[in-house]
Amino acid sequence: MTALAAGGSPADRIAARLRAPTGWLLALLAAAWLASVARAPEDSLQGVVQKILYVHPPLAFAAYLGFVLTAVGGALFLWRRDEGWDRLARSAAEVGVLFCTLMIVTGPIWARGTWGRWWSWDARLTVTLLLWFLYLAYLLLRGFTEGSERGARFAAVYGLVGVPVIVLNYFAIDLSGGRAIHPENLQRGSLGAGMGLPFLLGVLSTLAAFFHLLARRIEVEGMRARLAERTQGMRGEEGRWAT
Amino acid sequence: MSVVLAILWKDLVTEWRSRDRVVAMAVFSFLVVLVLHFALPARDAAEARRLAPGLLWVAYVFAALLGLNRAFALELENEALSGLALAPADRGWVFLGKAAANFVILGAVQAATAVVFALFFAVDLWAVAAPLAGVVALGSLGVCAVGTLFGAVAVRTRYREVMLPLLLLPLLVPVLLPAVDATAGLLETGTLRWPPVQLLLVIDAVFGIVSFVSFEYVLDE
């Protein structure tokens, strides 16, 4: 098992080192986070639905981090041709899509309570929705491509082309008059008393969850690659016996 | 440069001899216009003008998806794709040749579709024909750039006909928004709005450069 889990590339080594500490950190932080969210004061205007603030932006940070790592992993794979970087890209895309989905689910719940409707074609919402579709297509592309090396190459190109598209989408939606209704980014002092700590804990525990899932996902991919190598090796042996 | 021209010439001659792709694309895009006419009937001229830009671009994008799917399917026969990969030049030039051929073929279909569209929706496109052709050309440049790149990707995946739209549509949103915006401006006022045209130019440059560079990694056998 340990032999299968060990991967040779830097990405695998980092993942193996991150798994246990992020797991412990997640367990500790999540407990503190839940307690602080429960104790946090209720917003005087929005009521209890405001507490989604402690979940939704942290999920967004983790999702964006996942997509950045997908592009970085893809670029490193194309440059170094080391499959470990491809494992990073693939795992980051999957975990990123997971967090992005949760973000897209939690956002409308808050919006229904505060704006009175589930969705608005605001620039930030639209770009995020497109981003979600982009990385769903990325995962589908990986699923539909035969041959791991080719699949990795195709996906890396798609992940890299996706980056300028995110920026261009902002300009395009701004041009077509997408109304800005989404709250602005948080600034120092914009949170009410007693809201800073649960928000900070939310960000930290979501990031711990992100890195823990990412490390585990990379390890599983590494095991899969090892297993494929072994079965291929065994098939080769059989072939030799047959002739 | 001669590689670009050779591939462009080869694709156009093959297309001219069979005319399969252009006919299929044109018929499909006429059908899209027909379906859209029934799905979104315009009650008066003002409503037709309001709906026209979006509907026209929907027809164009669908036609492009159909054509781009075929662009590399042809190269799979007799391992022609390996031949292209072995061409004694930078693969970016191979990309430019294929993209240019797609652009020419798509342009022909778009011109024919515009005529049918103007008839069905009773919109006077003739009065703004020259600037409209410019906007459509700018939009199509972006579509053909990423379309050619991911056409080469999709053709070597399972369910390739399904894969290309899934890959391409999220990438085409930044092209479509300014293209529809510029077309709407033309149909409403008869004059060209500059901001969407500028954005289209930027998008074409970005997509062109990115696709030119990444084609190296897509055509690799």
# chains A, B, ... in the order shown; residues from 1 in each chain; ligands from 1
$ interface_residues --of "chain A" --to "chain B" --cutoff "7 Å" --atoms "only C-alpha atoms" --output "number ranges by chain"
A: 130, 133-134, 137, 144-146, 153-154, 157, 161, 165, 168-169, 172, 176
$ atom_distance --atom1 "CA of Val203 in chain A" --atom2 "CA of Val49 in chain A"
18.1 Å
$ residues_around --residues "Ala48 in chain B" --least-positions-apart "4" --cutoff "8 Å" --atoms "only C-alpha atoms" --output "short mmCIF file (atom, residue, chain, number, x, y, z; two decimals) with C-alpha atoms, in the first residue's frame"
data_model
loop_
_atom_site.label_atom_id
_atom_site.label_comp_id
_atom_site.auth_asym_id
_atom_site.auth_seq_id
_atom_site.Cartn_x
_atom_site.Cartn_y
_atom_site.Cartn_z
CA ALA B 42 -41.40 38.91 -33.98
CA ARG B 43 -44.71 40.76 -34.05
CA ASP B 44 -43.48 44.00 -35.58
CA ALA B 52 -32.23 39.90 -34.67
CA PHE B 121 -37.27 38.30 -40.07
CA ALA B 122 -37.90 41.23 -42.45
CA VAL B 123 -34.82 43.05 -41.15
#
$ residues_around --residues "range 92-107 of chain A" --least-positions-apart "5" --cutoff "10 Å" --atoms "only C-alpha atoms" --output "MDAnalysis selection string"
chainID A and resid 52:53 55:73 86:87 112 118:119 125 128:129 131:136 138:139 159 182 206 209:211 213:215 217:218
$ select_by_dssp --residues "range 74-179 of chain A" --states "alpha helix (DSSP H)" --output "JSON, numbers by chain"
{"A": [74, 75, 76, 77, 78, 79, 80, 83, 84, 85, 86, 87, 88, 89, 90, 91, 92, 93, 94, 95, 96, 97, 98, 99, 100, 101, 102, 103, 104, 105, 106, 107, 108, 109, 110, 111, 112, 113, 114, 123, 124, 125, 126, 127, 128, 129, 130, 131, 132, 133, 134, 135, 136, 137, 138, 139, 140, 141, 142, 143, 144, 148, 149, 150, 151, 152, 153, 154, 155, 156, 157, 158, 159, 160, 161, 162, 163, 164, 165, 166, 167, 168, 169, 170, 171, 172, 173, 174, 175]}
$ residues_around --residues "Ala129 in chain B" --least-positions-apart "2" --cutoff "12 Å" --atoms "only C-alpha atoms" --output "PDB file with all heavy atoms, in the first residue's frame"
ATOM      1  N   ALA B 111     -22.680  34.549 -44.922  1.00  0.00           N
ATOM      2  CA  ALA B 111     -23.263  35.466 -45.910  1.00  0.00           C
ATOM      3  C   ALA B 111     -24.607  34.924 -46.383  1.00  0.00           C
ATOM      4  O   ALA B 111     -25.609  35.661 -46.450  1.00  0.00           O
ATOM      5  CB  ALA B 111     -22.299  35.639 -47.077  1.00  0.00           C
ATOM      6  N   ALA B 114     -27.226  35.229 -43.662  1.00  0.00           N
ATOM      7  CA  ALA B 114     -27.692  36.607 -43.473  1.00  0.00           C
ATOM      8  C   ALA B 114     -28.822  36.931 -44.443  1.00  0.00           C
ATOM      9  O   ALA B 114     -29.800  37.589 -44.078  1.00  0.00           O
ATOM     10  CB  ALA B 114     -26.525  37.573 -43.638  1.00  0.00           C
ATOM     11  N   VAL B 115     -28.687  36.450 -45.695  1.00  0.00           N
ATOM     12  CA  VAL B 115     -29.724  36.709 -46.699  1.00  0.00           C
ATOM     13  C   VAL B 115     -31.042  36.064 -46.259  1.00  0.00           C
ATOM     14  O   VAL B 115     -32.105  36.705 -46.242  1.00  0.00           O
ATOM     15  CB  VAL B 115     -29.279  36.172 -48.085  1.00  0.00           C
ATOM     16  CG1 VAL B 115     -30.413  36.284 -49.085  1.00  0.00           C
ATOM     17  CG2 VAL B 115     -28.043  36.916 -48.558  1.00  0.00           C
ATOM     18  N   ALA B 118     -32.501  37.871 -43.228  1.00  0.00           N
ATOM     19  CA  ALA B 118     -33.127  39.154 -43.562  1.00  0.00           C
ATOM     20  C   ALA B 118     -34.517  38.936 -44.155  1.00  0.00           C
ATOM     21  O   ALA B 118     -35.449  39.692 -43.884  1.00  0.00           O
ATOM     22  CB  ALA B 118     -32.238  39.921 -44.534  1.00  0.00           C
ATOM     23  N   VAL B 123     -35.740  42.044 -41.664  1.00  0.00           N
ATOM     24  CA  VAL B 123     -34.821  43.047 -41.151  1.00  0.00           C
ATOM     25  C   VAL B 123     -33.939  43.487 -42.318  1.00  0.00           C
ATOM     26  O   VAL B 123     -33.448  42.645 -43.070  1.00  0.00           O
ATOM     27  CB  VAL B 123     -33.930  42.461 -40.032  1.00  0.00           C
ATOM     28  CG1 VAL B 123     -33.036  43.536 -39.447  1.00  0.00           C
ATOM     29  CG2 VAL B 123     -34.773  41.843 -38.951  1.00  0.00           C
ATOM     30  N   ASP B 124     -33.744  44.793 -42.445  1.00  0.00           N
ATOM     31  CA  ASP B 124     -32.943  45.278 -43.566  1.00  0.00           C
ATOM     32  C   ASP B 124     -31.459  45.231 -43.192  1.00  0.00           C
ATOM     33  O   ASP B 124     -30.945  46.135 -42.542  1.00  0.00           O
ATOM     34  CB  ASP B 124     -33.364  46.711 -43.920  1.00  0.00           C
ATOM     35  CG  ASP B 124     -32.627  47.188 -45.171  1.00  0.00           C
ATOM     36  OD1 ASP B 124     -32.047  46.324 -45.867  1.00  0.00           O
ATOM     37  OD2 ASP B 124     -32.635  48.402 -45.423  1.00  0.00           O
ATOM     38  N   LEU B 125     -30.812  44.149 -43.578  1.00  0.00           N
ATOM     39  CA  LEU B 125     -29.380  44.024 -43.285  1.00  0.00           C
ATOM     40  C   LEU B 125     -28.544  44.671 -44.376  1.00  0.00           C
ATOM     41  O   LEU B 125     -27.374  44.977 -44.186  1.00  0.00           O
ATOM     42  CB  LEU B 125     -28.987  42.546 -43.148  1.00  0.00           C
ATOM     43  CG  LEU B 125     -29.617  41.753 -42.000  1.00  0.00           C
ATOM     44  CD1 LEU B 125     -29.149  40.306 -42.026  1.00  0.00           C
ATOM     45  CD2 LEU B 125     -29.292  42.373 -40.656  1.00  0.00           C
ATOM     46  N   TRP B 126     -29.147  44.847 -45.561  1.00  0.00           N
ATOM     47  CA  TRP B 126     -28.402  45.350 -46.720  1.00  0.00           C
ATOM     48  C   TRP B 126     -27.862  46.755 -46.465  1.00  0.00           C
ATOM     49  O   TRP B 126     -26.743  47.073 -46.871  1.00  0.00           O
ATOM     50  CB  TRP B 126     -29.310  45.325 -47.954  1.00  0.00           C
ATOM     51  CG  TRP B 126     -28.573  45.658 -49.221  1.00  0.00           C
ATOM     52  CD1 TRP B 126     -28.763  46.760 -50.003  1.00  0.00           C
ATOM     53  CD2 TRP B 126     -27.516  44.911 -49.828  1.00  0.00           C
ATOM     54  NE1 TRP B 126     -27.892  46.751 -51.060  1.00  0.00           N
ATOM     55  CE2 TRP B 126     -27.112  45.621 -50.970  1.00  0.00           C
ATOM     56  CE3 TRP B 126     -26.858  43.698 -49.504  1.00  0.00           C
ATOM     57  CZ2 TRP B 126     -26.089  45.173 -51.816  1.00  0.00           C
ATOM     58  CZ3 TRP B 126     -25.840  43.261 -50.338  1.00  0.00           C
ATOM     59  CH2 TRP B 126     -25.467  43.996 -51.474  1.00  0.00           C
ATOM     60  N   ALA B 127     -28.658  47.570 -45.756  1.00  0.00           N
ATOM     61  CA  ALA B 127     -28.264  48.964 -45.528  1.00  0.00           C
ATOM     62  C   ALA B 127     -26.986  49.065 -44.700  1.00  0.00           C
ATOM     63  O   ALA B 127     -26.237  50.034 -44.813  1.00  0.00           O
ATOM     64  CB  ALA B 127     -29.398  49.711 -44.828  1.00  0.00           C
ATOM     65  N   PRO B 131     -20.431  47.434 -42.672  1.00  0.00           N
ATOM     66  CA  PRO B 131     -19.975  47.341 -41.267  1.00  0.00           C
ATOM     67  C   PRO B 131     -20.391  46.034 -40.606  1.00  0.00           C
ATOM     68  O   PRO B 131     -19.642  45.493 -39.777  1.00  0.00           O
ATOM     69  CB  PRO B 131     -20.655  48.544 -40.578  1.00  0.00           C
ATOM     70  CG  PRO B 131     -21.703  49.014 -41.493  1.00  0.00           C
ATOM     71  CD  PRO B 131     -21.331  48.592 -42.869  1.00  0.00           C
ATOM     72  N   LEU B 132     -21.566  45.492 -40.989  1.00  0.00           N
ATOM     73  CA  LEU B 132     -22.004  44.219 -40.404  1.00  0.00           C
ATOM     74  C   LEU B 132     -21.031  43.109 -40.771  1.00  0.00           C
ATOM     75  O   LEU B 132     -20.650  42.286 -39.920  1.00  0.00           O
ATOM     76  CB  LEU B 132     -23.418  43.872 -40.888  1.00  0.00           C
ATOM     77  CG  LEU B 132     -24.016  42.594 -40.314  1.00  0.00           C
ATOM     78  CD1 LEU B 132     -24.201  42.722 -38.817  1.00  0.00           C
ATOM     79  CD2 LEU B 132     -25.347  42.254 -40.969  1.00  0.00           C
ATOM     80  N   ALA B 133     -20.589  43.121 -42.050  1.00  0.00           N
ATOM     81  CA  ALA B 133     -19.616  42.099 -42.479  1.00  0.00           C
ATOM     82  C   ALA B 133     -18.340  42.230 -41.652  1.00  0.00           C
ATOM     83  O   ALA B 133     -17.730  41.216 -41.277  1.00  0.00           O
ATOM     84  CB  ALA B 133     -19.316  42.261 -43.970  1.00  0.00           C
ATOM     85  N   GLY B 134     -17.939  43.468 -41.341  1.00  0.00           N
ATOM     86  CA  GLY B 134     -16.740  43.679 -40.530  1.00  0.00           C
ATOM     87  C   GLY B 134     -16.897  43.093 -39.139  1.00  0.00           C
ATOM     88  O   GLY B 134     -16.014  42.391 -38.640  1.00  0.00           O
ATOM     89  N   VAL B 135     -18.054  43.366 -38.503  1.00  0.00           N
ATOM     90  CA  VAL B 135     -18.303  42.856 -37.147  1.00  0.00           C
ATOM     91  C   VAL B 135     -18.341  41.331 -37.164  1.00  0.00           C
ATOM     92  O   VAL B 135     -17.727  40.662 -36.311  1.00  0.00           O
ATOM     93  CB  VAL B 135     -19.634  43.421 -36.600  1.00  0.00           C
ATOM     94  CG1 VAL B 135     -20.046  42.695 -35.334  1.00  0.00           C
ATOM     95  CG2 VAL B 135     -19.511  44.909 -36.344  1.00  0.00           C
ATOM     96  N   VAL B 136     -19.041  40.765 -38.170  1.00  0.00           N
ATOM     97  CA  VAL B 136     -19.148  39.303 -38.255  1.00  0.00           C
ATOM     98  C   VAL B 136     -17.756  38.694 -38.463  1.00  0.00           C
ATOM     99  O   VAL B 136     -17.404  37.677 -37.846  1.00  0.00           O
ATOM    100  CB  VAL B 136     -20.107  38.895 -39.397  1.00  0.00           C
ATOM    101  CG1 VAL B 136     -20.059  37.396 -39.633  1.00  0.00           C
ATOM    102  CG2 VAL B 136     -21.527  39.321 -39.058  1.00  0.00           C
ATOM    103  N   ALA B 137     -16.941  39.368 -39.297  1.00  0.00           N
ATOM    104  CA  ALA B 137     -15.587  38.851 -39.537  1.00  0.00           C
ATOM    105  C   ALA B 137     -14.770  38.874 -38.253  1.00  0.00           C
ATOM    106  O   ALA B 137     -14.073  37.904 -37.939  1.00  0.00           O
ATOM    107  CB  ALA B 137     -14.894  39.670 -40.628  1.00  0.00           C
ATOM    108  N   THR B 183     -23.562  44.279 -33.232  1.00  0.00           N
ATOM    109  CA  THR B 183     -24.600  44.048 -34.239  1.00  0.00           C
ATOM    110  C   THR B 183     -25.878  44.796 -33.858  1.00  0.00           C
ATOM    111  O   THR B 183     -26.530  45.405 -34.728  1.00  0.00           O
ATOM    112  CB  THR B 183     -24.887  42.537 -34.367  1.00  0.00           C
ATOM    113  OG1 THR B 183     -23.646  41.844 -34.474  1.00  0.00           O
ATOM    114  CG2 THR B 183     -25.731  42.235 -35.580  1.00  0.00           C
ATOM    115  N   LEU B 186     -25.568  48.393 -34.679  1.00  0.00           N
ATOM    116  CA  LEU B 186     -25.692  48.624 -36.131  1.00  0.00           C
ATOM    117  C   LEU B 186     -27.150  48.614 -36.564  1.00  0.00           C
ATOM    118  O   LEU B 186     -27.584  49.451 -37.358  1.00  0.00           O
ATOM    119  CB  LEU B 186     -24.953  47.527 -36.889  1.00  0.00           C
ATOM    120  CG  LEU B 186     -23.494  47.775 -37.226  1.00  0.00           C
ATOM    121  CD1 LEU B 186     -22.933  46.567 -37.946  1.00  0.00           C
ATOM    122  CD2 LEU B 186     -23.366  49.012 -38.098  1.00  0.00           C
ATOM    123  N   LEU B 187     -27.919  47.650 -36.068  1.00  0.00           N
ATOM    124  CA  LEU B 187     -29.302  47.515 -36.511  1.00  0.00           C
ATOM    125  C   LEU B 187     -30.185  48.624 -35.930  1.00  0.00           C
ATOM    126  O   LEU B 187     -31.143  49.050 -36.565  1.00  0.00           O
ATOM    127  CB  LEU B 187     -29.865  46.151 -36.115  1.00  0.00           C
ATOM    128  CG  LEU B 187     -29.238  44.952 -36.830  1.00  0.00           C
ATOM    129  CD1 LEU B 187     -29.957  43.676 -36.459  1.00  0.00           C
ATOM    130  CD2 LEU B 187     -29.236  45.133 -38.337  1.00  0.00           C
ATOM    131  N   GLY B 190     -27.701  52.209 -37.076  1.00  0.00           N
ATOM    132  CA  GLY B 190     -27.034  52.243 -38.374  1.00  0.00           C
ATOM    133  C   GLY B 190     -25.567  52.649 -38.283  1.00  0.00           C
ATOM    134  O   GLY B 190     -24.866  52.687 -39.291  1.00  0.00           O
ATOM    135  N   THR B 191     -25.109  52.957 -37.070  1.00  0.00           N
ATOM    136  CA  THR B 191     -23.691  53.308 -36.910  1.00  0.00           C
ATOM    137  C   THR B 191     -23.011  52.288 -36.008  1.00  0.00           C
ATOM    138  O   THR B 191     -23.661  51.613 -35.207  1.00  0.00           O
ATOM    139  CB  THR B 191     -23.525  54.706 -36.277  1.00  0.00           C
ATOM    140  OG1 THR B 191     -24.315  54.743 -35.095  1.00  0.00           O
ATOM    141  CG2 THR B 191     -23.923  55.811 -37.226  1.00  0.00           C
ATOM    142  N   LEU B 192     -21.690  52.227 -36.150  1.00  0.00           N
ATOM    143  CA  LEU B 192     -20.924  51.239 -35.413  1.00  0.00           C
ATOM    144  C   LEU B 192     -20.507  51.805 -34.058  1.00  0.00           C
ATOM    145  O   LEU B 192     -19.972  52.902 -33.971  1.00  0.00           O
ATOM    146  CB  LEU B 192     -19.681  50.893 -36.239  1.00  0.00           C
ATOM    147  CG  LEU B 192     -18.983  49.564 -35.969  1.00  0.00           C
ATOM    148  CD1 LEU B 192     -19.946  48.409 -36.113  1.00  0.00           C
ATOM    149  CD2 LEU B 192     -17.816  49.392 -36.939  1.00  0.00           C
TER     150      LEU B 192
END
$ atom_distance --atom1 "CA of Ser205 in chain A" --atom2 "CA of Leu29 in chain A"
5.3 Å
$ residues_around --residues "Ala59 in chain B" --least-positions-apart "3" --cutoff "6 Å" --atoms "only C-alpha atoms" --output "list in words"
Ser29, Val32, Leu56 and Phe62 of chain B
$ atom_distance --atom1 "CA of Ser148 in chain A" --atom2 "CA of Ser91 in chain A"
14.2 Å
